[in-house]
Amino acid sequence: MLMLNVVMKKLAKLESHRKPTQSRLLPRRDAFGAQRFCFLHFYFFLSLFAYARVHGLTYNASMRLIREIRCYPSYGAQGVTNSWAGTSDRADLGAYRVLRAVVDGPVDPRTGYLCDIKEIDRMLRAVVAPALRGVPHDVHSLTQALAAAFPAAARQCPVPAALLAIELHVSPHTRLAIDKGGSGMMRLTQSFEFSAAHRLFSTELSDAENRRLFGKCSNPNGHGHNYVLEVTVCGTHGADKGTVTDVGQVDRVVLERVIEPFDHKNLNLECPEFAQLNPSVENIARVIWDRLDGAFTGCRLASVRVWETPKTCAEYTGDDERKTDPK
Ligand code: NI
């Protein structure tokens, strides 16, 4: 605003200075007038934009937010709880579900909120949880129910949030997801565990550099981790197409191609990929991807996530040019 005032004063000064020559220099006065007009508009809108930014009237960056509810769909509203320590008056045990909504949108700078998460809870409880009531406990039926509920859930998503995905955790090891815009597409994620030893060491670095970078992880005799592996496949869930309903297939392929070769092994010495390759968690994720890519029927590998510790994981989603289509 200060700059605008300074510019306007300057222009006024110039204008008064030029007034006596107006009649003789009409064309130049017109040109000067047009220039001033442009300057004024430019600084007016610049000032308006600056004011809006300072006072938080604009905020276009998009943010992703994930909100989870826990529920017993069989018991309706009374079977809903959002706390591990919560209680309800349901009469008996029922199928326990964890539902997540993934939304994105701009953050309101006045509140710091993308949206009111209570509204997301309400949407999940009013639309998605009831859609699961009485649904058989198989992948096909559950994903069909989620897909059917998605449009209504998206409509009831609190403005300005846009629903990107609905996730259903059917057990601590298995989750299903329906994505926005992925008509007929779904994701299935299975978790696995394996224990393995490794030594972090790069032949490209000196011994001193290896010690500095990898520390105790470069111990010549190795050390171990309890790795958690999350494998996500995606495909169609339509009844007449190849489906991602065969959880057993995912189990069999991962057990055969990853768990058996890696579990209770020294990765550097017993897995050929790591004979020369440093078995960092990043490289382990990449190697597992290569072992699994193209191995599934009716679905495609979507991501491989490897947790080395509860605090560190690497996720690999493949080289876009090499992604394999479902068989
Ligand atoms: Ni390690």
# chains A, B, ... in the order shown; residues from 1 in each chain; ligands from 1
$ residues_near_ligand --ligand "ligand 1" --cutoff "9 Å" --atoms "only C-alpha atoms and all ligand atoms" --output "count of residues only"
17
$ residues_around --residues "A:Asp251" --least-positions-apart "6" --cutoff "10 Å" --atoms "only C-alpha atoms" --output "ChimeraX atom specification"
/A:190-192,231,259
$ atom_distance --atom1 "atom CA of A:Glu260" --atom2 "atom CA of A:Phe296"
17.4 Å
$ residues_around --residues "stretch 130-133 of chain A" --least-positions-apart "4" --cutoff "12 Å" --atoms "only C-alpha atoms" --output "VMD selection string"
chain A and resid 71 to 80 94 to 99 122 to 126 137 to 139 141 to 150 152 to 153 168 170
$ closest_residue --among "A:Val233, A:Ile69, A:Ala208, A:Val159" --to "A:Pro106" --atoms "only C-alpha atoms"
A:Val159
$ select_by_dssp --residues "stretch 98-325 of chain A" --states "helix (DSSP H, G or I)" --output "ChimeraX atom specification"
/A:117-131,139-155,207-218,247-262,267-270,272-274,281-292,320-322
$ select_by_dssp --residues "stretch 75-243 of chain A" --states "strand (DSSP E)" --output "PyMOL selection string"
chain A and resi 80-81+97-106+162-171+174-179+185-198+223-236
$ write_last_selection --atoms "C-alpha atoms" --output "short mmCIF file (atom, residue, chain, number, x, y, z; two decimals), in the first residue's frame"
data_model
loop_
_atom_site.label_atom_id
_atom_site.label_comp_id
_atom_site.auth_asym_id
_atom_site.auth_seq_id
_atom_site.Cartn_x
_atom_site.Cartn_y
_atom_site.Cartn_z
CA VAL A 80 -19.77 -46.94 16.48
CA THR A 81 -16.81 -45.92 18.52
CA ARG A 97 -14.01 -52.46 10.92
CA VAL A 98 -11.54 -49.63 10.52
CA LEU A 99 -12.53 -47.13 7.84
CA ARG A 100 -10.39 -44.33 6.50
CA ALA A 101 -11.30 -41.41 4.27
CA VAL A 102 -8.49 -39.84 2.27
CA VAL A 103 -9.38 -36.30 1.24
CA ASP A 104 -7.57 -33.34 -0.23
CA GLY A 105 -8.21 -29.65 -0.69
CA PRO A 106 -7.01 -26.20 0.33
CA ALA A 162 -12.62 -33.83 -2.08
CA LEU A 163 -12.80 -37.54 -1.36
CA LEU A 164 -9.81 -39.29 -2.92
CA ALA A 165 -10.17 -42.79 -1.47
CA ILE A 166 -12.02 -44.93 1.04
CA GLU A 167 -9.94 -47.57 2.81
CA LEU A 168 -11.29 -50.52 4.74
CA HIS A 169 -8.99 -52.40 7.11
CA VAL A 170 -10.43 -55.87 7.38
CA SER A 171 -7.62 -57.09 9.64
CA THR A 174 -5.19 -56.64 5.02
CA ARG A 175 -6.78 -53.48 3.71
CA LEU A 176 -8.91 -52.66 0.70
CA ALA A 177 -9.27 -49.30 -1.01
CA ILE A 178 -11.47 -47.67 -3.61
CA ASP A 179 -10.04 -44.61 -5.35
CA MET A 185 -10.58 -50.18 -9.78
CA MET A 186 -9.51 -51.18 -6.32
CA ARG A 187 -6.37 -51.75 -4.27
CA LEU A 188 -5.58 -54.64 -1.97
CA THR A 189 -2.73 -54.36 0.54
CA GLN A 190 -1.30 -57.32 2.42
CA SER A 191 1.33 -57.07 5.18
CA PHE A 192 4.06 -59.63 5.81
CA GLU A 193 6.97 -59.98 8.18
CA PHE A 194 10.44 -61.36 7.75
CA SER A 195 13.61 -61.25 9.80
CA ALA A 196 16.94 -60.87 8.09
CA ALA A 197 20.53 -59.81 8.68
CA HIS A 198 22.45 -57.36 6.59
CA HIS A 223 23.05 -57.06 12.32
CA GLY A 224 19.36 -57.94 12.06
CA HIS A 225 15.94 -56.39 11.56
CA ASN A 226 12.36 -57.53 11.79
CA TYR A 227 11.14 -56.17 8.48
CA VAL A 228 7.48 -55.44 7.73
CA LEU A 229 6.57 -55.67 4.08
CA GLU A 230 3.37 -54.13 2.65
CA VAL A 231 2.50 -55.25 -0.86
CA THR A 232 -0.28 -53.41 -2.72
CA VAL A 233 -1.86 -54.74 -5.89
CA CYS A 234 -4.53 -53.01 -7.93
CA GLY A 235 -7.05 -54.21 -10.45
CA THR A 236 -10.72 -54.30 -11.27
#
$ closest_residue --among "A:Gly318, A:Asn268, A:Glu204, A:Ile117" --to "A:Gly294" --atoms "only C-alpha atoms"
A:Gly318
$ decode --residues "stretch 111-184 of chain A" --atoms "C-alpha atoms" --output "PDB file, in the first residue's frame"
ATOM      1  CA  THR A 111      -8.392 -22.183  11.098  1.00  0.00           C
ATOM      2  CA  GLY A 112      -5.502 -24.276   9.802  1.00  0.00           C
ATOM      3  CA  TYR A 113      -8.135 -26.877   8.885  1.00  0.00           C
ATOM      4  CA  LEU A 114      -8.765 -28.472   5.534  1.00  0.00           C
ATOM      5  CA  CYS A 115     -12.231 -29.298   6.841  1.00  0.00           C
ATOM      6  CA  ASP A 116     -14.045 -30.238  10.016  1.00  0.00           C
ATOM      7  CA  ILE A 117     -13.013 -33.857  10.673  1.00  0.00           C
ATOM      8  CA  LYS A 118     -16.234 -34.416  12.626  1.00  0.00           C
ATOM      9  CA  GLU A 119     -18.001 -34.026   9.294  1.00  0.00           C
ATOM     10  CA  ILE A 120     -15.806 -36.751   7.791  1.00  0.00           C
ATOM     11  CA  ASP A 121     -16.656 -39.013  10.731  1.00  0.00           C
ATOM     12  CA  ARG A 122     -20.323 -38.286  10.192  1.00  0.00           C
ATOM     13  CA  MET A 123     -20.042 -39.110   6.488  1.00  0.00           C
ATOM     14  CA  LEU A 124     -18.233 -42.390   7.144  1.00  0.00           C
ATOM     15  CA  ARG A 125     -20.762 -43.380   9.811  1.00  0.00           C
ATOM     16  CA  ALA A 126     -23.833 -42.295   7.869  1.00  0.00           C
ATOM     17  CA  VAL A 127     -22.856 -43.580   4.426  1.00  0.00           C
ATOM     18  CA  VAL A 128     -19.992 -46.060   4.408  1.00  0.00           C
ATOM     19  CA  ALA A 129     -20.410 -48.063   7.621  1.00  0.00           C
ATOM     20  CA  PRO A 130     -24.111 -48.864   6.955  1.00  0.00           C
ATOM     21  CA  ALA A 131     -23.178 -49.988   3.432  1.00  0.00           C
ATOM     22  CA  LEU A 132     -21.051 -52.730   4.993  1.00  0.00           C
ATOM     23  CA  ARG A 133     -23.844 -54.058   7.216  1.00  0.00           C
ATOM     24  CA  GLY A 134     -24.566 -57.691   6.437  1.00  0.00           C
ATOM     25  CA  VAL A 135     -22.025 -57.812   3.620  1.00  0.00           C
ATOM     26  CA  PRO A 136     -20.231 -61.172   3.377  1.00  0.00           C
ATOM     27  CA  HIS A 137     -16.659 -61.105   4.622  1.00  0.00           C
ATOM     28  CA  ASP A 138     -14.927 -61.551   1.270  1.00  0.00           C
ATOM     29  CA  VAL A 139     -12.897 -59.145  -0.836  1.00  0.00           C
ATOM     30  CA  HIS A 140     -15.289 -59.054  -3.748  1.00  0.00           C
ATOM     31  CA  SER A 141     -18.417 -58.316  -1.692  1.00  0.00           C
ATOM     32  CA  LEU A 142     -16.708 -55.743   0.507  1.00  0.00           C
ATOM     33  CA  THR A 143     -15.181 -53.819  -2.407  1.00  0.00           C
ATOM     34  CA  GLN A 144     -18.464 -53.863  -4.284  1.00  0.00           C
ATOM     35  CA  ALA A 145     -20.130 -52.361  -1.211  1.00  0.00           C
ATOM     36  CA  LEU A 146     -17.410 -49.703  -0.846  1.00  0.00           C
ATOM     37  CA  ALA A 147     -17.612 -48.826  -4.555  1.00  0.00           C
ATOM     38  CA  ALA A 148     -21.391 -48.504  -4.350  1.00  0.00           C
ATOM     39  CA  ALA A 149     -21.087 -46.185  -1.346  1.00  0.00           C
ATOM     40  CA  PHE A 150     -18.341 -44.021  -2.862  1.00  0.00           C
ATOM     41  CA  PRO A 151     -20.502 -41.550  -4.883  1.00  0.00           C
ATOM     42  CA  ALA A 152     -22.761 -40.752  -1.921  1.00  0.00           C
ATOM     43  CA  ALA A 153     -19.740 -40.499   0.369  1.00  0.00           C
ATOM     44  CA  ALA A 154     -18.058 -38.095  -2.077  1.00  0.00           C
ATOM     45  CA  ARG A 155     -21.210 -35.953  -2.192  1.00  0.00           C
ATOM     46  CA  GLN A 156     -21.348 -35.752   1.602  1.00  0.00           C
ATOM     47  CA  CYS A 157     -17.675 -34.965   1.998  1.00  0.00           C
ATOM     48  CA  PRO A 158     -17.427 -31.612   3.795  1.00  0.00           C
ATOM     49  CA  VAL A 159     -16.582 -28.700   1.490  1.00  0.00           C
ATOM     50  CA  PRO A 160     -13.916 -27.973   0.312  1.00  0.00           C
ATOM     51  CA  ALA A 161     -12.510 -31.462   0.877  1.00  0.00           C
ATOM     52  CA  ALA A 162     -12.624 -33.831  -2.078  1.00  0.00           C
ATOM     53  CA  LEU A 163     -12.798 -37.544  -1.358  1.00  0.00           C
ATOM     54  CA  LEU A 164      -9.808 -39.295  -2.919  1.00  0.00           C
ATOM     55  CA  ALA A 165     -10.175 -42.787  -1.467  1.00  0.00           C
ATOM     56  CA  ILE A 166     -12.015 -44.933   1.044  1.00  0.00           C
ATOM     57  CA  GLU A 167      -9.938 -47.565   2.807  1.00  0.00           C
ATOM     58  CA  LEU A 168     -11.290 -50.519   4.741  1.00  0.00           C
ATOM     59  CA  HIS A 169      -8.991 -52.405   7.113  1.00  0.00           C
ATOM     60  CA  VAL A 170     -10.432 -55.873   7.376  1.00  0.00           C
ATOM     61  CA  SER A 171      -7.616 -57.088   9.636  1.00  0.00           C
ATOM     62  CA  PRO A 172      -4.298 -55.739  10.922  1.00  0.00           C
ATOM     63  CA  HIS A 173      -2.719 -57.322   7.834  1.00  0.00           C
ATOM     64  CA  THR A 174      -5.188 -56.636   5.024  1.00  0.00           C
ATOM     65  CA  ARG A 175      -6.779 -53.479   3.712  1.00  0.00           C
ATOM     66  CA  LEU A 176      -8.914 -52.656   0.699  1.00  0.00           C
ATOM     67  CA  ALA A 177      -9.273 -49.297  -1.007  1.00  0.00           C
ATOM     68  CA  ILE A 178     -11.470 -47.674  -3.613  1.00  0.00           C
ATOM     69  CA  ASP A 179     -10.036 -44.612  -5.346  1.00  0.00           C
ATOM     70  CA  LYS A 180     -11.779 -41.585  -6.804  1.00  0.00           C
ATOM     71  CA  GLY A 181     -12.021 -41.710 -10.560  1.00  0.00           C
ATOM     72  CA  GLY A 182     -10.794 -45.301 -10.664  1.00  0.00           C
ATOM     73  CA  SER A 183     -14.077 -46.643 -11.957  1.00  0.00           C
ATOM     74  CA  GLY A 184     -14.121 -50.311 -11.180  1.00  0.00           C
TER      75      GLY A 184
END
